[in-house]
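Raw contents of query_32.txt, compact mmCIF, C-alpha atoms:
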```txt
# COMPACT_ATOMS: atom_id res chain seq x y z
CA MET A 245 0.00 0.00 0.00
CA THR A 246 2.68 2.48 0.95
CA MET A 247 4.65 1.52 -2.15
CA VAL A 248 1.69 2.51 -4.33
CA ARG A 249 1.41 5.83 -2.53
CA LEU A 250 5.12 6.47 -2.96
CA VAL A 251 4.93 5.82 -6.70
CA PHE A 252 1.85 8.02 -6.90
CA TYR A 253 3.59 10.94 -5.20
CA LEU A 254 6.65 10.47 -7.43
CA MET A 255 4.54 10.48 -10.60
CA GLY A 256 2.43 13.43 -9.45
CA PHE A 257 5.53 15.40 -8.56
CA ILE A 258 7.16 14.66 -11.93
CA ALA A 259 3.99 15.64 -13.79
CA LEU A 260 3.52 18.92 -11.91
CA ALA A 261 7.22 19.86 -11.88
CA SER A 262 7.65 19.31 -15.61
CA ALA A 263 4.45 21.26 -16.28
CA VAL A 264 5.84 24.17 -14.27
CA PHE A 265 9.09 23.87 -16.21
CA VAL A 266 7.11 24.08 -19.47
CA ALA A 267 5.57 27.28 -18.13
CA ALA A 268 8.87 28.73 -16.93
CA THR A 269 11.35 28.01 -19.68
CA LYS A 270 12.13 30.34 -22.56
CA ASN A 271 13.37 27.68 -24.93
CA VAL A 272 10.53 26.26 -27.02
CA VAL A 273 12.21 22.99 -27.98
CA ARG A 274 13.06 22.33 -24.35
CA SER A 275 9.47 23.01 -23.31
CA VAL A 276 8.21 20.56 -25.93
CA PHE A 277 10.49 17.85 -24.58
CA MET A 278 9.47 18.59 -20.98
CA PHE A 279 5.87 18.27 -22.13
CA PHE A 280 6.85 14.77 -23.24
CA VAL A 281 7.94 14.03 -19.66
CA THR A 282 4.60 15.35 -18.36
CA LEU A 283 2.69 13.04 -20.69
CA MET A 284 4.74 10.02 -19.63
CA ALA A 285 4.17 10.78 -15.93
CA LEU A 286 0.45 11.16 -16.64
CA ALA A 287 0.44 7.72 -18.28
CA GLY A 288 1.94 6.40 -15.04
CA LEU A 289 -0.84 8.10 -13.07
CA TYR A 290 -3.44 6.45 -15.31
CA VAL A 291 -1.92 3.07 -14.52
CA LEU A 292 -2.21 3.89 -10.82
CA ALA A 293 -5.88 4.78 -11.39
CA LEU A 294 -6.27 1.23 -12.78
CA ALA A 295 -6.86 2.36 -16.34
CA ASP A 296 -4.07 0.58 -18.20
CA PHE A 297 -5.69 0.77 -21.62
CA ILE A 298 -5.98 4.56 -21.32
CA ALA A 299 -2.32 4.72 -20.34
CA ILE A 300 -1.26 2.84 -23.48
CA THR A 301 -3.51 5.02 -25.62
CA GLN A 302 -2.02 8.11 -24.02
CA ILE A 303 1.48 6.99 -24.92
CA VAL A 304 0.59 5.92 -28.47
CA ILE A 305 -1.54 8.92 -29.45
CA TYR A 306 -0.08 11.77 -27.42
CA VAL A 307 3.58 10.90 -27.46
CA GLY A 308 3.62 9.17 -30.83
CA GLY A 309 1.23 11.46 -32.64
CA ILE A 310 0.71 14.88 -31.14
CA LEU A 311 4.21 15.51 -29.88
CA VAL A 312 5.82 14.51 -33.18
CA LEU A 313 3.31 16.76 -34.95
CA ILE A 314 4.19 19.71 -32.70
CA LEU A 315 7.91 19.20 -33.22
CA PHE A 316 7.36 18.90 -36.97
CA ALA A 317 5.42 22.18 -37.09
CA PHE A 318 8.05 23.86 -34.94
CA MET A 319 10.88 22.79 -37.19
CA LEU A 320 8.92 23.92 -40.27
CA SER A 321 8.09 27.37 -38.94
CA GLY A 322 11.71 28.43 -39.03
CA LYS A 323 13.93 30.91 -37.30
CA GLU A 324 11.53 33.79 -36.87
CA ASN A 325 9.80 32.53 -33.73
CA LEU A 326 13.15 32.12 -32.06
CA ALA A 327 13.73 35.83 -32.63
CA VAL A 328 10.41 36.52 -30.92
CA LEU A 329 11.59 34.52 -27.96
CA GLU A 330 14.79 36.48 -27.60
CA GLN A 331 12.86 39.64 -26.78
CA GLN A 332 10.90 37.99 -24.02
CA ASN A 333 11.63 38.83 -20.46
CA SER A 334 13.85 36.20 -18.95
CA ARG A 335 12.42 36.27 -15.45
CA PHE A 336 9.67 33.82 -14.56
CA ILE A 337 7.63 36.41 -12.68
CA SER A 338 7.58 39.90 -14.07
CA ILE A 339 5.04 42.69 -13.90
CA SER A 340 3.49 41.86 -17.26
CA LYS A 341 2.93 38.25 -16.20
CA LEU A 342 1.50 39.09 -12.78
CA PRO A 343 -2.19 39.15 -13.83
CA ALA A 344 -1.87 35.74 -15.48
CA LEU A 345 -0.16 34.30 -12.43
CA LEU A 346 -2.83 35.81 -10.17
CA LEU A 347 -5.61 34.38 -12.32
CA ALA A 348 -4.06 30.89 -12.39
CA VAL A 349 -3.45 30.83 -8.62
CA LEU A 350 -6.93 32.12 -7.84
CA PHE A 351 -8.45 29.52 -10.18
CA PHE A 352 -6.48 26.82 -8.36
CA VAL A 353 -7.78 28.08 -5.01
CA VAL A 354 -11.36 28.04 -6.32
CA ILE A 355 -11.04 24.47 -7.62
CA LEU A 356 -9.47 23.25 -4.36
CA ASN A 357 -12.21 25.01 -2.41
CA ILE A 358 -14.88 23.22 -4.42
CA LEU A 359 -13.13 19.86 -4.00
CA PHE A 360 -12.90 20.23 -0.23
CA LYS A 361 -16.43 21.56 0.13
CA THR A 362 -17.98 18.66 -1.79
CA ASP A 363 -15.92 16.21 0.27
CA ILE A 364 -15.01 14.15 -2.80
CA ASN A 365 -13.91 10.99 -0.99
CA ASN A 366 -17.29 10.53 0.68
CA LEU A 367 -19.59 11.15 -2.26
CA LEU A 368 -22.76 9.08 -2.15
CA TRP A 369 -22.47 7.35 -5.52
CA ILE A 370 -18.85 6.44 -4.90
CA LYS A 371 -19.69 4.75 -1.60
CA LYS A 372 -22.57 2.98 -3.32
CA SER A 373 -20.33 1.75 -6.12
CA ILE A 374 -17.83 0.41 -3.59
CA THR A 375 -20.52 -1.49 -1.68
CA LEU A 376 -22.03 -2.83 -4.92
CA LYS A 377 -18.56 -3.99 -6.02
CA ASN A 378 -18.73 -1.66 -9.00
CA ALA A 379 -15.28 -0.22 -8.33
CA VAL A 380 -12.29 -1.48 -10.28
CA THR A 381 -9.92 -3.55 -8.17
CA PRO A 382 -6.29 -4.33 -9.04
CA GLY A 383 -6.26 -7.55 -11.04
CA ASP A 384 -9.39 -6.85 -13.04
CA GLU A 385 -9.03 -7.07 -16.77
CA MET A 386 -10.69 -3.95 -18.07
CA THR A 387 -9.66 -4.07 -21.72
CA ASN A 388 -12.22 -6.77 -22.68
CA ASN A 389 -14.94 -4.79 -21.00
CA ILE A 390 -13.89 -1.60 -22.77
CA GLY A 391 -14.01 -3.32 -26.15
CA ILE A 392 -17.48 -4.74 -25.53
CA ASN A 393 -18.79 -1.41 -24.26
CA LEU A 394 -17.29 0.44 -27.20
CA MET A 395 -19.22 -1.71 -29.64
CA SER A 396 -22.50 -1.77 -27.73
CA ARG A 397 -23.19 0.96 -25.22
CA TYR A 398 -21.03 3.73 -26.67
CA LEU A 399 -21.50 2.97 -30.35
CA LEU A 400 -23.10 6.32 -31.21
CA PRO A 401 -20.35 8.51 -29.68
CA PHE A 402 -17.81 6.19 -31.33
CA GLU A 403 -19.31 6.74 -34.78
CA ALA A 404 -19.69 10.48 -34.18
CA ILE A 405 -16.06 10.78 -33.17
CA SER A 406 -14.88 8.78 -36.18
CA ILE A 407 -16.75 11.12 -38.54
CA LEU A 408 -15.33 14.13 -36.70
CA LEU A 409 -11.83 12.70 -36.96
CA MET A 410 -12.23 12.22 -40.70
CA MET A 411 -13.49 15.79 -41.07
CA ALA A 412 -10.53 17.09 -39.10
CA LEU A 413 -8.09 15.13 -41.28
CA VAL A 414 -9.65 16.42 -44.49
CA GLY A 415 -9.64 19.95 -43.05
CA ALA A 416 -6.00 19.74 -42.01
CA ALA A 417 -4.97 18.43 -45.43
CA HIS A 418 -6.99 21.18 -47.11
CA LEU A 419 -5.46 23.90 -44.93
CA SER A 420 -1.88 22.82 -45.42
CA ARG A 421 -1.97 22.33 -49.22
CA LYS A 422 0.10 24.48 -51.51
CA GLU A 423 -1.64 27.53 -52.95
CA LYS A 424 -1.80 27.69 -56.72
CA SER A 425 0.12 30.73 -57.84
CA SER A 426 -2.44 32.81 -59.71
CA MET B 36 -5.27 2.94 -1.83
CA ILE B 37 -4.81 6.34 -3.34
CA SER B 38 -7.88 8.43 -2.72
CA LEU B 39 -9.84 10.29 -5.36
CA MET B 40 -8.84 13.62 -3.87
CA ASP B 41 -5.15 13.13 -4.71
CA PHE B 42 -5.87 12.58 -8.39
CA LEU B 43 -8.18 15.57 -8.54
CA MET B 44 -5.58 17.82 -6.91
CA VAL B 45 -2.94 16.82 -9.47
CA GLY B 46 -5.51 17.46 -12.20
CA ALA B 47 -6.30 20.90 -10.81
CA GLY B 48 -2.60 21.76 -10.68
CA LEU B 49 -2.10 20.74 -14.31
CA PHE B 50 -5.16 22.71 -15.38
CA CYS B 51 -3.96 25.91 -13.72
CA THR B 52 -0.43 25.51 -15.08
CA GLY B 53 -1.88 25.13 -18.56
CA MET B 54 -3.95 28.26 -18.06
CA TYR B 55 -0.85 30.21 -17.03
CA VAL B 56 1.00 28.96 -20.12
CA ILE B 57 -1.86 30.03 -22.40
CA LEU B 58 -2.04 33.48 -20.84
CA THR B 59 1.66 34.33 -20.84
CA LYS B 60 3.32 32.72 -23.86
CA ARG B 61 3.79 34.72 -27.04
CA ASN B 62 4.25 31.77 -29.35
CA ALA B 63 1.28 29.93 -30.86
CA ILE B 64 2.91 26.51 -30.46
CA GLN B 65 3.46 27.10 -26.75
CA VAL B 66 -0.15 28.25 -26.41
CA LEU B 67 -1.13 24.95 -28.03
CA ILE B 68 0.99 23.08 -25.48
CA GLY B 69 -0.86 24.97 -22.73
CA ILE B 70 -4.19 23.84 -24.17
CA GLU B 71 -2.92 20.26 -24.20
CA LEU B 72 -1.91 20.60 -20.53
CA MET B 73 -5.42 21.75 -19.60
CA LEU B 74 -6.93 18.87 -21.58
CA ASN B 75 -4.67 16.42 -19.78
CA GLY B 76 -5.80 17.73 -16.40
CA ALA B 77 -9.41 17.16 -17.44
CA ILE B 78 -8.66 13.66 -18.76
CA LEU B 79 -6.97 12.78 -15.47
CA ASN B 80 -10.21 13.69 -13.68
CA LEU B 81 -12.22 11.48 -16.04
CA VAL B 82 -9.91 8.53 -15.48
CA ALA B 83 -9.91 9.00 -11.70
CA PHE B 84 -13.72 8.95 -11.57
CA GLY B 85 -13.84 6.08 -14.07
CA LYS B 86 -12.31 3.84 -11.43
CA TYR B 87 -15.72 3.65 -9.74
CA ASP B 88 -17.61 2.53 -12.84
CA ARG B 89 -16.52 -0.99 -13.58
CA PHE B 90 -19.36 -2.27 -15.74
CA ASN B 91 -20.15 0.71 -17.94
CA ASN B 92 -16.64 2.25 -18.12
CA GLY B 93 -18.07 5.75 -18.59
CA GLY B 94 -15.02 7.66 -17.41
CA GLN B 95 -12.42 5.63 -19.27
CA MET B 96 -14.42 5.64 -22.48
CA PHE B 97 -14.81 9.39 -22.53
CA ALA B 98 -11.14 9.79 -21.63
CA LEU B 99 -10.42 7.84 -24.83
CA PHE B 100 -12.73 10.09 -26.81
CA ALA B 101 -11.09 13.19 -25.35
CA ILE B 102 -7.62 11.92 -26.31
CA VAL B 103 -8.73 11.30 -29.91
CA LEU B 104 -10.37 14.73 -30.06
CA ALA B 105 -7.17 16.33 -28.79
CA ALA B 106 -5.26 14.66 -31.64
CA ALA B 107 -7.73 16.00 -34.22
CA THR B 108 -7.62 19.49 -32.70
CA THR B 109 -3.83 19.55 -32.74
CA ALA B 110 -3.65 18.53 -36.41
CA VAL B 111 -5.99 21.33 -37.49
CA ALA B 112 -4.40 23.91 -35.19
CA LEU B 113 -0.91 23.14 -36.49
CA ALA B 114 -2.09 23.46 -40.09
CA ILE B 115 -3.55 26.86 -39.20
CA ILE B 116 -0.32 27.90 -37.47
CA LEU B 117 1.73 26.95 -40.55
CA ASN B 118 -0.60 29.01 -42.76
CA VAL B 119 -0.38 31.98 -40.41
CA TYR B 120 3.39 31.73 -40.47
CA LYS B 121 3.38 31.68 -44.26
CA LYS B 122 1.27 34.84 -44.39
CA TYR B 123 2.58 36.93 -41.47
CA LYS B 124 6.12 35.50 -41.00
CA THR B 125 5.45 35.31 -37.25
CA ILE B 126 3.46 33.05 -34.97
CA ASP B 127 3.00 35.54 -32.16
CA PRO B 128 -0.78 35.55 -31.57
CA GLY B 129 -0.61 39.20 -30.54
CA LYS B 130 0.76 40.28 -33.93
CA VAL B 131 -1.74 38.39 -36.07
CA ASP B 132 -4.39 41.07 -36.28
CA GLY B 133 -5.80 41.05 -39.82
CA LEU B 134 -8.52 39.17 -41.66
CA LYS B 135 -8.03 37.83 -45.17
CA ASP B 136 -8.64 41.07 -47.09
```
Go ahead and express the file in the form of structure tokens.
Amino acid sequence: MTMVRLVFYLMGFIALASAVFVAATKNVVRSVFMFFVTLMALAGLYVLALADFIAITQIVIYVGGILVLILFAFMLSGKENLAVLEQQNSRFISISKLPALLLAVLFFVVILNILFKTDINNLLWIKKSITLKNAVTPGDEMTNNIGINLMSRYLLPFEAISILLMMALVGAAHLSRKEKSS
Amino acid sequence: MISLMDFLMVGAGLFCTGMYVILTKRNAIQVLIGIELMLNGAILNLVAFGKYDRFNNGGQMFALFAIVLAAATTAVALAIILNVYKKYKTIDPGKVDGLKD
């Protein structure tokens, strides 16, 4: 039990620390690679939440797809955005960033306030699901269940999302085509 | 076991960090990374609640859908960013201030 908690705190710390590094650093390439670390730590957190299939999907789609796409776009967009970065203020907290920092911190306080007020760990439906043995326990195989549910209960959202994905692909290909010189 | 509250606190932290990144960065790609951070905080919440739904898998299923949607969003957003760079020679969102004509 304590081992699980230790791994959880390690993963949570890595995720939050690398996210803060993404926010703090000036170097774009470095922030993209630290974002990679955040995504990996989040996959570890999903495993600890007993959602192993989601963790694998996270690694395959986010790390394999999105991150490579971002790096690709960054390399294609050339030197100019590096020049923009040079002008930026080097300090993490400066006067121009104070409102943003204030907003983020206040938002965090509001969310934590809501979490503590609702007393998340003692919600009624969660207690009910534990007594009805509806909670996932370590050792359950969830992937079979996910596949069956995907083809029966969640078929409509699945189809909707596949159409949306196709539309997005066509749109992205249309946007990034070469203009005919007229 | 790890309680639900721990997961939700990590998710809240990620969400607020992503919001700070969106508000302060002057580079469209970094703003996109901030959006991805916020999305990941939300997905973590879905997964954490999905632990208490073993038969219907509501949380995990919609976490999957959110991940796929994030991939689609990123592809379109990066295509737009490349077009903006071609036209304005900068990807600072503050300097892109014109419509097509």
Pairwise distance for atom CA of Ile364 of chain A and atom CA of Met40 of chain B, rounded to one decimal in Å = 6.3 Å
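Remark: for Lys377 of chain A, the closest of the candidate residues B:Ser38, B:Met96, B:Arg89, B:Leu74 is B:Arg89 (distances computed over all atoms listed in the file).
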Enumerate as number ranges by chain the residues belonging to chain A that approach chain B to within 7 Å, with all atoms listed in the file taken into account.
-> A: 245, 249, 256, 260, 263-264, 267, 290, 293-295, 298, 310, 317, 321, 324-325, 341, 344-345, 348, 351-352, 355, 364-365, 370, 373, 378-380, 390, 393, 409, 412, 415-416, 419-420
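Relative to atom CA of Phe252 of chain A, atom CA of Gly309 of chain A is found at 26.0 Å.
Rounded to one decimal, atom CA of Leu342 of chain A and atom CA of Val354 of chain A lie 18.1 Å from each other.
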Please supply segment 270-294 of chain A, rebuilt with N, CA and C atoms, as a PDB file, in the coordinates of the input.
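Full text of rebuild_35.pdb as output:
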```pdb
ATOM      1  N   LYS A 270      12.213  29.462 -21.384  1.00  0.00           N
ATOM      2  CA  LYS A 270      12.130  30.340 -22.560  1.00  0.00           C
ATOM      3  C   LYS A 270      12.298  29.560 -23.838  1.00  0.00           C
ATOM      4  N   ASN A 271      13.007  28.449 -23.742  1.00  0.00           N
ATOM      5  CA  ASN A 271      13.370  27.680 -24.930  1.00  0.00           C
ATOM      6  C   ASN A 271      12.198  26.802 -25.363  1.00  0.00           C
ATOM      7  N   VAL A 272      11.724  26.980 -26.601  1.00  0.00           N
ATOM      8  CA  VAL A 272      10.530  26.260 -27.020  1.00  0.00           C
ATOM      9  C   VAL A 272      10.788  24.772 -27.170  1.00  0.00           C
ATOM     10  N   VAL A 273      11.917  24.412 -27.763  1.00  0.00           N
ATOM     11  CA  VAL A 273      12.210  22.990 -27.980  1.00  0.00           C
ATOM     12  C   VAL A 273      12.300  22.277 -26.642  1.00  0.00           C
ATOM     13  N   ARG A 274      12.949  22.936 -25.680  1.00  0.00           N
ATOM     14  CA  ARG A 274      13.060  22.330 -24.350  1.00  0.00           C
ATOM     15  C   ARG A 274      11.692  22.162 -23.717  1.00  0.00           C
ATOM     16  N   SER A 275      10.805  23.138 -23.907  1.00  0.00           N
ATOM     17  CA  SER A 275       9.470  23.010 -23.310  1.00  0.00           C
ATOM     18  C   SER A 275       8.689  21.883 -23.965  1.00  0.00           C
ATOM     19  N   VAL A 276       8.893  21.683 -25.279  1.00  0.00           N
ATOM     20  CA  VAL A 276       8.210  20.560 -25.930  1.00  0.00           C
ATOM     21  C   VAL A 276       8.684  19.239 -25.345  1.00  0.00           C
ATOM     22  N   PHE A 277      10.000  19.121 -25.106  1.00  0.00           N
ATOM     23  CA  PHE A 277      10.490  17.850 -24.580  1.00  0.00           C
ATOM     24  C   PHE A 277      10.085  17.654 -23.119  1.00  0.00           C
ATOM     25  N   MET A 278       9.954  18.756 -22.348  1.00  0.00           N
ATOM     26  CA  MET A 278       9.470  18.590 -20.980  1.00  0.00           C
ATOM     27  C   MET A 278       7.994  18.220 -20.973  1.00  0.00           C
ATOM     28  N   PHE A 279       7.271  18.675 -21.998  1.00  0.00           N
ATOM     29  CA  PHE A 279       5.870  18.270 -22.130  1.00  0.00           C
ATOM     30  C   PHE A 279       5.777  16.759 -22.341  1.00  0.00           C
ATOM     31  N   PHE A 280       6.736  16.213 -23.073  1.00  0.00           N
ATOM     32  CA  PHE A 280       6.850  14.770 -23.240  1.00  0.00           C
ATOM     33  C   PHE A 280       6.960  14.070 -21.885  1.00  0.00           C
ATOM     34  N   VAL A 281       7.793  14.625 -20.987  1.00  0.00           N
ATOM     35  CA  VAL A 281       7.940  14.030 -19.660  1.00  0.00           C
ATOM     36  C   VAL A 281       6.615  14.091 -18.902  1.00  0.00           C
ATOM     37  N   THR A 282       5.899  15.225 -19.020  1.00  0.00           N
ATOM     38  CA  THR A 282       4.600  15.350 -18.360  1.00  0.00           C
ATOM     39  C   THR A 282       3.649  14.259 -18.832  1.00  0.00           C
ATOM     40  N   LEU A 283       3.618  14.034 -20.151  1.00  0.00           N
ATOM     41  CA  LEU A 283       2.690  13.040 -20.690  1.00  0.00           C
ATOM     42  C   LEU A 283       3.043  11.641 -20.197  1.00  0.00           C
ATOM     43  N   MET A 284       4.339  11.343 -20.123  1.00  0.00           N
ATOM     44  CA  MET A 284       4.740  10.020 -19.630  1.00  0.00           C
ATOM     45  C   MET A 284       4.332   9.840 -18.168  1.00  0.00           C
ATOM     46  N   ALA A 285       4.550  10.885 -17.338  1.00  0.00           N
ATOM     47  CA  ALA A 285       4.170  10.780 -15.930  1.00  0.00           C
ATOM     48  C   ALA A 285       2.663  10.625 -15.798  1.00  0.00           C
ATOM     49  N   LEU A 286       1.906  11.299 -16.685  1.00  0.00           N
ATOM     50  CA  LEU A 286       0.450  11.160 -16.640  1.00  0.00           C
ATOM     51  C   LEU A 286       0.034   9.740 -17.010  1.00  0.00           C
ATOM     52  N   ALA A 287       0.744   9.108 -17.955  1.00  0.00           N
ATOM     53  CA  ALA A 287       0.440   7.720 -18.280  1.00  0.00           C
ATOM     54  C   ALA A 287       0.663   6.831 -17.048  1.00  0.00           C
ATOM     55  N   GLY A 288       1.724   7.126 -16.290  1.00  0.00           N
ATOM     56  CA  GLY A 288       1.940   6.400 -15.040  1.00  0.00           C
ATOM     57  C   GLY A 288       0.810   6.599 -14.060  1.00  0.00           C
ATOM     58  N   LEU A 289       0.289   7.836 -13.976  1.00  0.00           N
ATOM     59  CA  LEU A 289      -0.840   8.100 -13.070  1.00  0.00           C
ATOM     60  C   LEU A 289      -2.081   7.340 -13.517  1.00  0.00           C
ATOM     61  N   TYR A 290      -2.278   7.204 -14.835  1.00  0.00           N
ATOM     62  CA  TYR A 290      -3.440   6.450 -15.310  1.00  0.00           C
ATOM     63  C   TYR A 290      -3.324   4.982 -14.905  1.00  0.00           C
ATOM     64  N   VAL A 291      -2.101   4.450 -14.961  1.00  0.00           N
ATOM     65  CA  VAL A 291      -1.920   3.070 -14.520  1.00  0.00           C
ATOM     66  C   VAL A 291      -2.282   2.944 -13.045  1.00  0.00           C
ATOM     67  N   LEU A 292      -1.882   3.945 -12.242  1.00  0.00           N
ATOM     68  CA  LEU A 292      -2.210   3.890 -10.820  1.00  0.00           C
ATOM     69  C   LEU A 292      -3.697   4.051 -10.577  1.00  0.00           C
ATOM     70  N   ALA A 293      -4.424   4.685 -11.506  1.00  0.00           N
ATOM     71  CA  ALA A 293      -5.880   4.780 -11.390  1.00  0.00           C
ATOM     72  C   ALA A 293      -6.543   3.558 -12.004  1.00  0.00           C
ATOM     73  N   LEU A 294      -5.770   2.512 -12.266  1.00  0.00           N
ATOM     74  CA  LEU A 294      -6.270   1.230 -12.780  1.00  0.00           C
ATOM     75  C   LEU A 294      -6.918   1.362 -14.135  1.00  0.00           C
TER      76      LEU A 294
END
```
